[in-house]
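A.B. asks: Input file: input.txt. Contents: compact mmCIF, C-alpha atoms and all ligand atoms.
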# COMPACT_ATOMS: atom_id res chain seq x y z
CA MET A 1 16.35 -12.00 -8.62
CA ASN A 2 14.04 -13.09 -11.40
CA ILE A 3 12.14 -10.01 -12.54
CA ALA A 4 9.50 -11.87 -14.53
CA LYS A 5 8.75 -14.18 -11.62
CA ASP A 6 8.59 -11.25 -9.25
CA ARG A 7 6.12 -9.49 -11.50
CA SER A 8 3.85 -12.49 -11.96
CA LEU A 9 3.85 -13.08 -8.19
CA THR A 10 3.00 -9.42 -7.65
CA LYS A 11 0.09 -9.61 -10.06
CA LEU A 12 -1.24 -12.75 -8.37
CA ALA A 13 -0.87 -11.20 -4.94
CA ALA A 14 -2.69 -8.06 -6.07
CA GLN A 15 -5.62 -10.29 -7.00
CA GLY A 16 -5.66 -11.63 -3.46
CA ASP A 17 -3.48 -14.73 -3.85
CA GLN A 18 -2.03 -15.13 -0.37
CA ASN A 19 0.48 -17.81 -1.30
CA ALA A 20 1.95 -15.54 -3.94
CA PHE A 21 2.18 -12.77 -1.39
CA GLY A 22 3.90 -15.13 1.02
CA GLU A 23 6.55 -15.83 -1.61
CA LEU A 24 7.02 -12.11 -2.13
CA VAL A 25 7.49 -11.58 1.59
CA GLN A 26 10.11 -14.30 1.63
CA LEU A 27 11.93 -12.76 -1.33
CA HIS A 28 11.99 -9.17 -0.08
CA GLN A 29 11.80 -9.32 3.71
CA SER A 30 15.55 -9.11 4.18
CA ALA A 31 15.91 -5.94 2.08
CA VAL A 32 12.95 -4.29 3.79
CA PHE A 33 14.19 -5.35 7.21
CA ASN A 34 17.56 -3.74 6.53
CA VAL A 35 15.91 -0.39 5.78
CA ALA A 36 14.13 -0.58 9.11
CA TYR A 37 17.27 -1.67 10.91
CA ARG A 38 19.24 1.29 9.56
CA MET A 39 16.42 3.63 10.50
CA LEU A 40 15.68 2.21 13.96
CA GLY A 41 18.87 0.46 15.06
CA ASN A 42 17.04 -2.34 16.79
CA ARG A 43 16.40 -5.80 15.40
CA GLN A 44 13.12 -6.47 17.18
CA ASP A 45 11.57 -3.14 16.22
CA ALA A 46 12.87 -3.56 12.68
CA GLU A 47 11.23 -6.97 12.34
CA ASP A 48 7.94 -5.71 13.73
CA ILE A 49 7.82 -2.78 11.40
CA THR A 50 8.89 -4.89 8.41
CA GLN A 51 5.91 -7.11 9.06
CA GLU A 52 3.67 -4.08 9.29
CA ALA A 53 5.05 -2.68 6.04
CA PHE A 54 4.14 -5.86 4.17
CA LEU A 55 0.69 -5.78 5.70
CA ARG A 56 0.24 -2.17 4.57
CA ALA A 57 1.44 -3.07 1.11
CA TYR A 58 -1.06 -5.92 0.90
CA LYS A 59 -3.92 -3.67 1.90
CA ALA A 60 -2.85 -0.92 -0.49
CA PHE A 61 -2.33 -3.12 -3.52
CA ASN A 62 -5.16 -1.35 -5.34
CA LYS A 63 -2.99 1.78 -5.35
CA PHE A 64 0.06 0.02 -6.72
CA ASP A 65 0.96 -0.31 -10.38
CA THR A 66 1.80 -4.01 -10.56
CA ASP A 67 4.00 -3.48 -13.62
CA ARG A 68 6.52 -1.85 -11.34
CA PRO A 69 8.86 -3.78 -9.05
CA LEU A 70 7.51 -4.40 -5.57
CA ARG A 71 10.67 -4.02 -3.51
CA PRO A 72 11.30 -0.25 -3.90
CA TRP A 73 7.67 0.42 -3.07
CA VAL A 74 7.70 -1.61 0.16
CA LYS A 75 11.02 0.00 1.08
CA LYS A 76 9.43 3.44 0.77
CA ILE A 77 6.49 2.29 2.87
CA VAL A 78 8.76 0.98 5.60
CA THR A 79 10.83 4.17 5.55
CA ASN A 80 7.75 6.25 6.23
CA LEU A 81 6.54 3.82 8.89
CA CYS A 82 9.90 4.12 10.62
CA LEU A 83 9.73 7.91 10.45
CA ASN A 84 6.27 7.85 12.02
CA ARG A 85 7.44 5.52 14.74
CA ILE A 86 10.49 7.63 15.56
CA LYS A 87 8.32 10.74 15.74
CA ALA A 88 5.71 8.99 17.90
CA HIS A 89 8.14 7.77 20.53
CA ARG A 90 11.81 8.52 20.28
CA PRO A 91 13.50 5.16 20.59
CA THR A 92 16.66 4.43 22.47
CA LEU A 93 19.41 4.69 19.93
CA SER A 94 21.04 1.47 20.96
CA LEU A 95 22.57 -0.94 18.57
CA GLU A 96 22.15 -4.20 20.44
CA ASN A 97 25.59 -4.43 21.96
CA GLY A 98 25.57 -0.93 23.34
CA LEU A 99 27.13 2.13 21.85
CA PRO A 100 30.04 4.04 23.25
CA PRO A 101 29.87 7.66 22.11
CA PRO A 102 32.61 8.27 19.51
CA LYS A 103 34.23 11.06 21.51
CA GLU A 104 35.03 8.82 24.49
CA ARG A 105 36.65 6.23 22.32
CA LYS A 106 40.39 6.12 22.40
CA PRO A 107 40.79 3.52 19.71
CA GLY A 108 43.63 1.17 20.23
CA PRO A 109 45.13 -0.34 17.11
CA GLU A 110 43.37 -3.64 17.78
CA ALA A 111 39.80 -2.21 17.82
CA GLN A 112 40.46 0.22 15.02
CA SER A 113 41.29 -2.45 12.53
CA THR A 114 38.07 -4.42 12.40
CA LYS A 115 35.65 -3.66 9.61
CA ARG A 116 32.81 -4.84 11.82
CA GLU A 117 33.52 -2.16 14.33
CA GLU A 118 33.64 0.46 11.60
CA ASP A 119 30.28 -0.68 10.24
CA ARG A 120 28.78 -0.45 13.68
CA GLN A 121 30.05 3.08 14.02
CA ILE A 122 28.64 4.12 10.69
CA ARG A 123 25.27 2.73 11.70
CA ALA A 124 25.54 4.59 14.99
CA ALA A 125 26.43 7.79 13.14
CA ILE A 126 23.35 7.44 10.93
CA LEU A 127 21.20 6.79 14.00
CA SER A 128 22.58 9.87 15.72
CA LEU A 129 21.02 12.03 13.00
CA THR A 130 17.57 13.43 13.61
CA PRO A 131 14.82 11.57 11.74
CA ARG A 132 14.55 14.03 8.84
CA TYR A 133 18.27 13.77 8.05
CA ARG A 134 18.32 10.03 8.60
CA ALA A 135 15.48 9.60 6.13
CA VAL A 136 17.15 11.49 3.27
CA ILE A 137 20.40 9.54 3.77
CA GLU A 138 18.46 6.29 3.71
CA LEU A 139 16.47 7.17 0.61
CA ARG A 140 19.39 8.61 -1.37
CA HIS A 141 22.25 6.31 -0.43
CA PHE A 142 20.53 3.01 0.29
CA GLN A 143 17.44 3.17 -1.89
CA ASP A 144 19.04 5.15 -4.73
CA LEU A 145 16.15 7.51 -5.18
CA SER A 146 16.53 10.76 -7.12
CA TYR A 147 15.96 14.10 -5.36
CA GLU A 148 12.50 14.26 -6.91
CA GLU A 149 11.56 10.76 -5.81
CA ILE A 150 12.70 11.54 -2.27
CA ALA A 151 10.60 14.70 -2.26
CA LYS A 152 7.59 12.69 -3.36
CA THR A 153 8.18 9.92 -0.83
CA LEU A 154 8.52 12.33 2.07
CA SER A 155 5.93 14.82 0.78
CA LYS A 156 8.43 17.64 1.07
CA PRO A 157 9.50 20.37 -1.35
CA LEU A 158 12.50 19.59 -3.53
CA SER A 159 14.50 22.47 -2.09
CA THR A 160 13.98 21.16 1.46
CA VAL A 161 15.06 17.68 0.43
CA LYS A 162 18.24 19.00 -1.14
CA SER A 163 19.25 21.17 1.80
CA ASP A 164 18.40 18.34 4.24
CA LEU A 165 20.47 15.89 2.24
CA PHE A 166 23.48 18.17 1.97
CA ARG A 167 23.36 19.02 5.66
CA ALA A 168 22.96 15.36 6.62
CA ARG A 169 25.99 14.44 4.53
CA LYS A 170 28.06 17.19 6.09
CA MET A 171 27.15 16.02 9.59
CA LEU A 172 27.85 12.39 8.74
CA ALA A 173 31.14 13.23 7.07
CA GLU A 174 32.25 15.10 10.17
CA LYS A 175 31.30 12.16 12.39
CA LEU A 176 33.23 9.80 10.15
CA GLN A 177 36.29 12.02 10.37
CA GLU A 178 35.96 11.87 14.14
CA ILE A 179 35.79 8.10 14.09
CA LYS A 180 38.79 7.71 11.83
CA ARG A 181 40.89 10.14 13.81
CA MET B 1 38.50 32.74 -7.20
CA LYS B 2 35.04 31.76 -6.04
CA HIS B 3 34.81 28.38 -4.30
CA LEU B 4 32.24 25.74 -5.16
CA THR B 5 28.98 25.90 -3.25
CA GLU B 6 27.79 23.05 -1.08
CA SER B 7 25.03 22.35 -3.53
CA GLN B 8 27.45 22.28 -6.49
CA LEU B 9 29.67 19.80 -4.66
CA ASN B 10 26.76 17.54 -3.76
CA GLU B 11 25.04 17.68 -7.10
CA TYR B 12 28.35 17.02 -8.81
CA LEU B 13 28.75 13.81 -6.80
CA ASP B 14 25.11 12.87 -7.42
CA GLN B 15 25.69 13.49 -11.14
CA MET B 16 22.76 15.87 -11.28
CA LEU B 17 24.61 18.72 -12.99
CA ASP B 18 24.33 19.57 -16.65
CA TYR B 19 27.41 18.94 -18.76
CA GLU B 20 28.57 22.54 -18.80
CA THR B 21 28.38 23.04 -15.04
CA GLN B 22 30.03 19.70 -14.51
CA GLN B 23 32.96 20.83 -16.66
CA ARG B 24 33.28 24.06 -14.70
CA VAL B 25 33.26 22.17 -11.38
CA GLU B 26 35.96 19.84 -12.63
CA THR B 27 38.11 22.71 -13.81
CA HIS B 28 37.78 24.37 -10.43
CA LEU B 29 38.54 21.15 -8.55
CA ALA B 30 41.69 20.67 -10.57
CA SER B 31 43.05 23.97 -9.36
CA CYS B 32 41.57 24.35 -5.84
CA GLU B 33 43.02 22.38 -2.97
CA SER B 34 40.35 23.41 -0.47
CA CYS B 35 37.38 22.31 -2.60
CA ARG B 36 39.22 19.12 -3.46
CA LEU B 37 39.54 18.36 0.23
CA GLU B 38 35.82 18.92 0.75
CA ILE B 39 34.84 16.66 -2.07
CA THR B 40 37.24 13.95 -0.95
CA GLU B 41 35.62 14.01 2.46
CA LEU B 42 32.18 13.57 0.90
CA GLN B 43 33.44 10.83 -1.39
CA ALA B 44 34.80 8.95 1.61
CA LEU B 45 31.36 9.15 3.17
CA PHE B 46 29.73 7.85 0.00
CA ILE B 47 32.10 4.89 -0.02
CA SER B 48 31.50 4.11 3.64
CA LEU B 49 27.74 4.17 3.17
CA ASN B 50 28.02 2.11 0.02
CA GLU B 51 30.09 -0.52 1.77
CA LEU B 52 27.81 -0.89 4.75
CA PRO B 53 26.71 -4.53 4.51
CA GLU B 54 23.15 -5.74 4.87
CA ILE B 55 22.61 -7.92 7.91
CA PRO B 56 20.67 -11.17 7.69
CA ILE B 57 17.17 -11.18 9.12
CA ALA B 58 16.94 -13.43 12.17
CA HIS B 59 13.37 -14.68 11.72
CA ASP B 60 11.32 -15.53 8.66
CA LEU B 61 8.36 -13.13 8.79
CA THR B 62 6.33 -14.87 6.09
CA LEU B 63 4.06 -16.84 8.40
CA GLY B 64 3.50 -13.86 10.66
CA VAL B 65 2.51 -11.64 7.75
CA LEU B 66 0.21 -14.28 6.28
CA ALA B 67 -1.46 -14.86 9.64
CA GLN B 68 -2.22 -11.15 9.89
CA ILE B 69 -3.41 -10.96 6.32
CA SER B 70 -5.98 -13.69 6.81
CA LYS B 71 -7.43 -11.55 9.60
CA VAL B 72 -8.13 -8.87 7.01
CA ALA B 73 -11.68 -9.57 5.91
CA LYS B 74 -11.76 -9.71 2.18
CA ILE B 75 -14.91 -8.46 0.53
CA PRO B 76 -14.86 -10.36 -2.73
CA LEU B 77 -15.59 -8.60 -5.95
CA LEU B 78 -19.01 -10.22 -6.46
CA TRP B 79 -19.51 -8.87 -9.94
CA LYS B 80 -16.53 -10.82 -11.15
CA GLN B 81 -17.99 -14.14 -9.97
CA PRO B 82 -20.09 -15.95 -12.59
CA ILE B 83 -22.45 -17.45 -10.00
CA PHE B 84 -23.29 -14.05 -8.63
CA LEU B 85 -23.84 -12.66 -12.10
CA ALA B 86 -26.12 -15.56 -13.06
CA GLN B 87 -28.01 -15.12 -9.81
CA SER B 88 -28.49 -11.42 -10.48
CA ILE B 89 -29.79 -12.02 -13.98
CA PHE B 90 -32.13 -14.74 -12.71
CA THR B 91 -33.46 -12.43 -9.99
CA PHE B 92 -33.97 -9.68 -12.48
CA ILE B 93 -35.99 -11.95 -14.79
CA LEU B 94 -38.08 -13.20 -11.87
CA LEU B 95 -38.75 -9.63 -10.84
CA LEU B 96 -39.79 -8.80 -14.39
CA PHE B 97 -42.27 -11.65 -14.50
CA SER B 98 -43.70 -10.90 -11.09
CA MET B 99 -44.36 -7.29 -11.98
CA PRO B 100 -48.06 -7.82 -12.72
CA ILE B 101 -48.54 -9.64 -9.42
CA LEU B 102 -46.62 -7.06 -7.48
CA SER B 103 -48.52 -4.22 -9.09
CA SER B 104 -51.89 -5.64 -8.19
CA PHE B 105 -50.66 -6.19 -4.63
CA TRP B 106 -49.57 -2.62 -4.66
CA LEU B 107 -53.07 -1.52 -5.59
CA GLN B 108 -54.37 -3.49 -2.62
CA ILE B 109 -51.82 -1.96 -0.31
CA GLU B 110 -52.76 1.50 -1.52
CA LYS B 111 -56.38 0.93 -0.62
CA TRP B 112 -55.47 -0.62 2.69
CA SER B 113 -58.10 -0.37 5.35
CA GLY B 114 -57.68 -2.60 8.36
CA GLU B 115 -58.38 -6.02 6.96
CA ILE B 116 -57.53 -7.14 3.46
CA THR B 117 -58.10 -10.09 1.21
CA PHE B 118 -56.18 -10.83 -1.89
CA PRO B 119 -58.21 -11.64 -4.97
CA THR B 120 -57.22 -14.07 -7.67
CA ILE B 121 -54.99 -12.33 -10.11
CA GLN B 122 -54.89 -13.21 -13.73
CA THR B 123 -51.38 -12.72 -14.96
CA PRO B 124 -50.45 -12.55 -18.60
CA SER B 125 -49.33 -15.92 -19.86
CA LEU B 126 -45.68 -16.66 -20.36
CA ALA B 127 -46.30 -17.08 -24.07
CA GLN B 128 -47.84 -13.64 -24.24
CA MET B 129 -44.86 -12.16 -22.47
CA VAL B 130 -42.35 -13.93 -24.65
CA SER B 131 -44.08 -13.00 -27.86
CA GLN B 132 -44.34 -9.42 -26.67
CA PHE B 133 -40.66 -9.49 -25.97
CA MET B 134 -39.93 -11.05 -29.33
CA SER B 135 -42.06 -8.53 -31.16
CA LEU B 136 -39.83 -5.91 -29.65
CA LEU B 137 -37.06 -7.57 -31.56
CA ALA B 138 -39.27 -7.62 -34.66
CA TRP B 139 -39.38 -11.35 -34.60
CA GLU B 140 -42.29 -13.73 -35.17
CA PRO B 141 -41.73 -16.59 -32.74
CA GLU B 142 -44.79 -18.59 -33.80
CA THR B 143 -43.30 -19.26 -37.16
CA PHE B 144 -40.30 -20.90 -35.54
CA PHE B 145 -41.59 -22.80 -32.59
CA PHE B 146 -44.67 -23.38 -30.54
CA ILE B 147 -44.82 -21.93 -27.05
CA PRO B 148 -47.33 -23.69 -24.84
CA GLU B 149 -49.93 -21.46 -23.27
CA LEU B 150 -48.94 -21.19 -19.63
CA SER B 151 -51.44 -19.60 -17.37
CA PHE B 152 -50.97 -19.30 -13.67
CA SER B 153 -52.81 -17.46 -11.01
CA VAL B 154 -52.16 -16.52 -7.44
CA PRO B 155 -54.33 -18.43 -5.01
CA THR B 156 -56.60 -16.47 -2.73
CA LEU B 157 -54.29 -15.55 0.12
CA PRO B 158 -55.54 -15.92 3.66
CA THR B 159 -56.63 -12.89 5.58
CA LEU B 160 -53.79 -11.50 7.66
CA PRO B 161 -54.31 -12.37 11.32
CA ILE B 162 -53.03 -9.00 12.39
CA SER B 163 -54.44 -5.75 11.36
CA PRO B 164 -51.57 -3.66 10.13
CA ASN B 165 -51.50 0.01 10.88
CA SER B 166 -48.99 2.70 10.29
CA ASN B 167 -47.32 2.20 13.71
CA LEU B 168 -46.75 -1.46 13.05
CA MET B 169 -45.37 -0.72 9.59
CA LEU B 170 -43.03 1.83 11.10
CA LEU B 171 -41.84 -0.72 13.65
CA LEU B 172 -41.25 -3.32 10.95
CA ALA B 173 -39.37 -0.86 8.75
CA LEU B 174 -37.29 0.17 11.72
CA SER B 175 -36.38 -3.42 12.62
CA ALA B 176 -35.52 -4.12 9.00
CA GLY B 177 -33.28 -1.08 9.02
CA ILE B 178 -31.57 -2.18 12.22
CA MET B 179 -31.03 -5.70 10.88
CA TRP B 180 -29.60 -4.25 7.70
CA GLY B 181 -27.27 -2.05 9.71
CA ILE B 182 -26.07 -4.92 11.90
CA GLY B 183 -25.47 -7.04 8.82
CA ASN B 184 -23.40 -4.36 7.13
CA TYR B 185 -21.50 -3.65 10.30
CA SER B 186 -20.49 -7.26 10.82
CA LEU B 187 -19.49 -7.50 7.17
CA LEU B 188 -17.39 -4.34 7.15
CA ARG B 189 -16.11 -4.29 10.72
CA SER B 190 -12.82 -6.03 10.05
CA LYS B 191 -12.11 -4.10 6.86
CA PRO B 192 -9.37 -1.74 7.95
CA GLU B 193 -8.66 1.71 6.68
CA VAL B 194 -6.19 1.61 3.83
CA ARG B 195 -3.68 4.38 3.68
CA GLU B 196 -0.41 5.12 1.90
ZN ZN C 201 37.56 26.11 -4.32
Can you present the structure in this file as structure tokens?
Ligand SMILES: [Zn+2]
C.D. replies:
Amino acid sequence: MNIAKDRSLTKLAAQGDQNAFGELVQLHQSAVFNVAYRMLGNRQDAEDITQEAFLRAYKAFNKFDTDRPLRPWVKKIVTNLCLNRIKAHRPTLSLENGLPPPKERKPGPEAQSTKREEDRQIRAAILSLTPRYRAVIELRHFQDLSYEEIAKTLSKPLSTVKSDLFRARKMLAEKLQEIKR
Amino acid sequence: MKHLTESQLNEYLDQMLDYETQQRVETHLASCESCRLEITELQALFISLNELPEIPIAHDLTLGVLAQISKVAKIPLLWKQPIFLAQSIFTFILLLFSMPILSSFWLQIEKWSGEITFPTIQTPSLAQMVSQFMSLLAWEPETFFFIPELSFSVPTLPTLPISPNSNLMLLLALSAGIMWGIGNYSLLRSKPEVRE
């Protein structure tokens, strides 16, 4: 991605240029959507909330330092929007094609082998975490934020973020062991 | 031998430890099977998460976002527009020049009793005003150019057909206030609360 172009588009959009903002949406929608999809596990919801995140970003441009890249900022916005949505109404944790609980699975060699199936199970494992653990995994492993940045994004103390992250990893690691067994 | 804490293991993998602690963790890992097992488990998780592919978005959201954005009423920054600035300056100058007229009206209004007539008002000429202004700048305009003597007066205004009293004034002020409120409301209504 062209950083200079991204920055000039961001500056134009911050001044109210809607075409520039449209280009930014086109450039970053996929990345933002994927955050929402990991957090919510449902394509339709993820698209809706991605759209909302861009709208929020547009309205909050006066609070954004346009010298910084846009994508990480919108990703943080969408993460928080997802958290709010999960807290407001707990969604059904379905990945489109249904989700057999890992314990019931007796994987035959044919199912076991596909990478696709493994990916689906990792997504399911992330979704099985409660929102607070899901959020720290998302921010640390997929958005590459430091502990401090995560604390700031979630408005939580650093110590809470650390213990949440370590617990979340432990839970996920155990689930992965279960899947692989 | 004391095993590594959960936080040491995690911070080691996140590369958040200082050099010295990092060395100590590595020394321990080299000699402790159980901690090595724990860290391998975490590393496997890191790899799995890292390898999780992004999925393509099914619909382009650009048009949807833009449609919603255009619903957001934009209150333009008027001060940044040259036309608005010029207009403001022009209004200010007009107000300055109409001061004498306004002040004599004000005297009339102060002495208001039922029915009023407005007398002819002699305003200072434009040339007088300009030269006064110039003298403020310690400048002698006459030596540079000739300003024609402009004299204008307000014609005798007709007697108001209604006889204003304090109730009527109150009613007028109230309606003006309501109109002002409605205007502001319709202007600001679609401006949503901005958070984040
Ligand atoms: Zn040990």
A.B. asks: List every residue of chain B that has an atom at most 9 Å from any atom of ligand ZN 201 (chain C), giving for each one its closest atom pair and the distance in Å to one decimal, counting all atoms listed in the file, sorted by chain and then by ascending residue number, as a tab-separated table.
C.D. replies:
residue	atom	partner	partner_atom	distance
B:Met1	CA	C:ZN201	ZN	7.3
B:Lys2	CA	C:ZN201	ZN	6.4
B:His3	CA	C:ZN201	ZN	3.6
B:Leu4	CA	C:ZN201	ZN	5.4
B:Thr5	CA	C:ZN201	ZN	8.6
B:His28	CA	C:ZN201	ZN	6.4
B:Leu29	CA	C:ZN201	ZN	6.6
B:Ser31	CA	C:ZN201	ZN	7.8
B:Cys32	CA	C:ZN201	ZN	4.6
B:Glu33	CA	C:ZN201	ZN	6.7
B:Ser34	CA	C:ZN201	ZN	5.5
B:Cys35	CA	C:ZN201	ZN	4.2
B:Arg36	CA	C:ZN201	ZN	7.2
B:Glu38	CA	C:ZN201	ZN	9.0
A.B. asks: Go ahead and compute the interatomic distance for atom CA of A:Glu118 and atom CA of A:Gln44, in Å to one decimal.
C.D. replies: 22.4 Å
A.B. asks: How many Å separate atom CA of A:Leu172 from atom CA of A:Ser146?
C.D. replies: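 About the pair atom CA of A:Leu172 and atom CA of A:Ser146: they are 19.6 Å apart.
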A.B. asks: Find the nearest atom pair between each residue of chain B and chain A for residues within 9 Å, count only C-alpha atoms, give distances in Å to one decimal, sort rows by chain and ascending number, and present the table as CSV.
C.D. replies:
residue,atom,partner,partner_atom,distance
B:Glu6,CA,A:Phe166,CA,7.2
B:Ser7,CA,A:Phe166,CA,7.1
B:Asn10,CA,A:Phe166,CA,6.6
B:Asp14,CA,A:Ser146,CA,8.8
B:Glu41,CA,A:Ala173,CA,6.5
B:Leu42,CA,A:Ala173,CA,6.3
B:Ala44,CA,A:Ala173,CA,7.8
B:Leu45,CA,A:Ala173,CA,5.6
B:Phe46,CA,A:His141,CA,7.6
B:Ser48,CA,A:Ile122,CA,7.6
B:Leu49,CA,A:His141,CA,6.9
B:Asn50,CA,A:His141,CA,7.2
B:Glu51,CA,A:Asp119,CA,8.5
B:Leu52,CA,A:Asp119,CA,6.0
B:Pro53,CA,A:Asp119,CA,7.8
B:Glu54,CA,A:Asn34,CA,6.2
B:Ile55,CA,A:Asn34,CA,6.7
B:Pro56,CA,A:Ser30,CA,6.5
B:Ile57,CA,A:Ser30,CA,5.6
B:Ala58,CA,A:Arg43,CA,8.3
B:His59,CA,A:Glu47,CA,8.0
B:Asp60,CA,A:Gln26,CA,7.2
B:Leu61,CA,A:Gln51,CA,6.5
B:Thr62,CA,A:Gly22,CA,5.6
B:Leu63,CA,A:Gly22,CA,7.6
B:Gly64,CA,A:Gln51,CA,7.3
B:Val65,CA,A:Gln51,CA,5.8
B:Leu66,CA,A:Gly22,CA,6.5
B:Gln68,CA,A:Leu55,CA,7.4
B:Ile69,CA,A:Leu55,CA,6.6
B:Ser70,CA,A:Gln18,CA,8.3
B:Val72,CA,A:Lys59,CA,8.4
B:Lys74,CA,A:Gly16,CA,8.5
B:Pro192,CA,A:Lys59,CA,8.4
B:Glu193,CA,A:Lys59,CA,8.6
B:Val194,CA,A:Ala60,CA,6.0
B:Arg195,CA,A:Ala60,CA,6.8
B:Glu196,CA,A:Ala60,CA,6.9
A.B. asks: Take atom CA of A:Arg68 and atom CA of A:Thr10 and report the distance between them in Å, one decimal.
C.D. replies: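 For atom CA of A:Arg68 relative to atom CA of A:Thr10, the distance reads 9.1 Å.
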A.B. asks: Point out the residue among A:Val161, A:Tyr133, A:Asp65, A:Ile179 with the least atom-to-atom distance to A:Leu145, counting only C-alpha atoms.
C.D. replies: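 Of A:Val161, A:Tyr133, A:Asp65, A:Ile179, the one nearest A:Leu145, counting only C-alpha atoms, is A:Val161.
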A.B. asks: A:Gln121, A:Asp164, A:Thr130, A:Ile3: which is nearest A:Glu178, counting only C-alpha atoms?
C.D. replies: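 With only C-alpha atoms as the atom set, the closest residue is A:Gln121.
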A.B. asks: Neighbours of A:Leu70 within 9 Å (only C-alpha atoms; same-chain residues fewer than 3 positions away dropped), as a ChimeraX atom specification?
C.D. replies: /A:6-7,10,24,28,64,66-67,73-75
A.B. asks: Within 9 Å of (14.5, 9.2, 4.2) (coordinates as in the file), grab all the protein and nucleic acid residues, counting only C-alpha atoms, and write them out as a ChimeraX atom specification.
C.D. replies: /A:39,76,79-80,83,131-140,150,153-154
A.B. asks: Please rebuild stretch 53-64 of chain A with N, CA and C atoms and return the result as a PDB file, in the coordinates of the input.
C.D. replies:
ATOM      1  N   ALA A  53       4.918  -3.259   7.390  1.00  0.00           N
ATOM      2  CA  ALA A  53       5.050  -2.680   6.040  1.00  0.00           C
ATOM      3  C   ALA A  53       4.449  -3.614   4.991  1.00  0.00           C
ATOM      4  N   PHE A  54       4.705  -4.912   5.131  1.00  0.00           N
ATOM      5  CA  PHE A  54       4.140  -5.860   4.170  1.00  0.00           C
ATOM      6  C   PHE A  54       2.618  -5.899   4.272  1.00  0.00           C
ATOM      7  N   LEU A  55       2.136  -5.790   5.491  1.00  0.00           N
ATOM      8  CA  LEU A  55       0.690  -5.780   5.700  1.00  0.00           C
ATOM      9  C   LEU A  55       0.062  -4.554   5.025  1.00  0.00           C
ATOM     10  N   ARG A  56       0.704  -3.404   5.216  1.00  0.00           N
ATOM     11  CA  ARG A  56       0.240  -2.170   4.570  1.00  0.00           C
ATOM     12  C   ARG A  56       0.234  -2.319   3.050  1.00  0.00           C
ATOM     13  N   ALA A  57       1.313  -2.895   2.563  1.00  0.00           N
ATOM     14  CA  ALA A  57       1.440  -3.070   1.110  1.00  0.00           C
ATOM     15  C   ALA A  57       0.290  -3.937   0.597  1.00  0.00           C
ATOM     16  N   TYR A  58       0.010  -5.008   1.320  1.00  0.00           N
ATOM     17  CA  TYR A  58      -1.060  -5.920   0.900  1.00  0.00           C
ATOM     18  C   TYR A  58      -2.397  -5.198   0.844  1.00  0.00           C
ATOM     19  N   LYS A  59      -2.636  -4.377   1.858  1.00  0.00           N
ATOM     20  CA  LYS A  59      -3.920  -3.670   1.900  1.00  0.00           C
ATOM     21  C   LYS A  59      -3.999  -2.558   0.867  1.00  0.00           C
ATOM     22  N   ALA A  60      -2.851  -2.061   0.437  1.00  0.00           N
ATOM     23  CA  ALA A  60      -2.850  -0.920  -0.490  1.00  0.00           C
ATOM     24  C   ALA A  60      -2.544  -1.339  -1.922  1.00  0.00           C
ATOM     25  N   PHE A  61      -2.679  -2.626  -2.190  1.00  0.00           N
ATOM     26  CA  PHE A  61      -2.330  -3.120  -3.520  1.00  0.00           C
ATOM     27  C   PHE A  61      -3.113  -2.428  -4.631  1.00  0.00           C
ATOM     28  N   ASN A  62      -4.351  -2.012  -4.306  1.00  0.00           N
ATOM     29  CA  ASN A  62      -5.160  -1.350  -5.340  1.00  0.00           C
ATOM     30  C   ASN A  62      -4.561  -0.015  -5.780  1.00  0.00           C
ATOM     31  N   LYS A  63      -3.610   0.505  -4.971  1.00  0.00           N
ATOM     32  CA  LYS A  63      -2.990   1.780  -5.350  1.00  0.00           C
ATOM     33  C   LYS A  63      -1.622   1.567  -5.985  1.00  0.00           C
ATOM     34  N   PHE A  64      -1.276   0.309  -6.206  1.00  0.00           N
ATOM     35  CA  PHE A  64       0.060   0.020  -6.720  1.00  0.00           C
ATOM     36  C   PHE A  64      -0.007  -0.458  -8.159  1.00  0.00           C
TER      37      PHE A  64
END
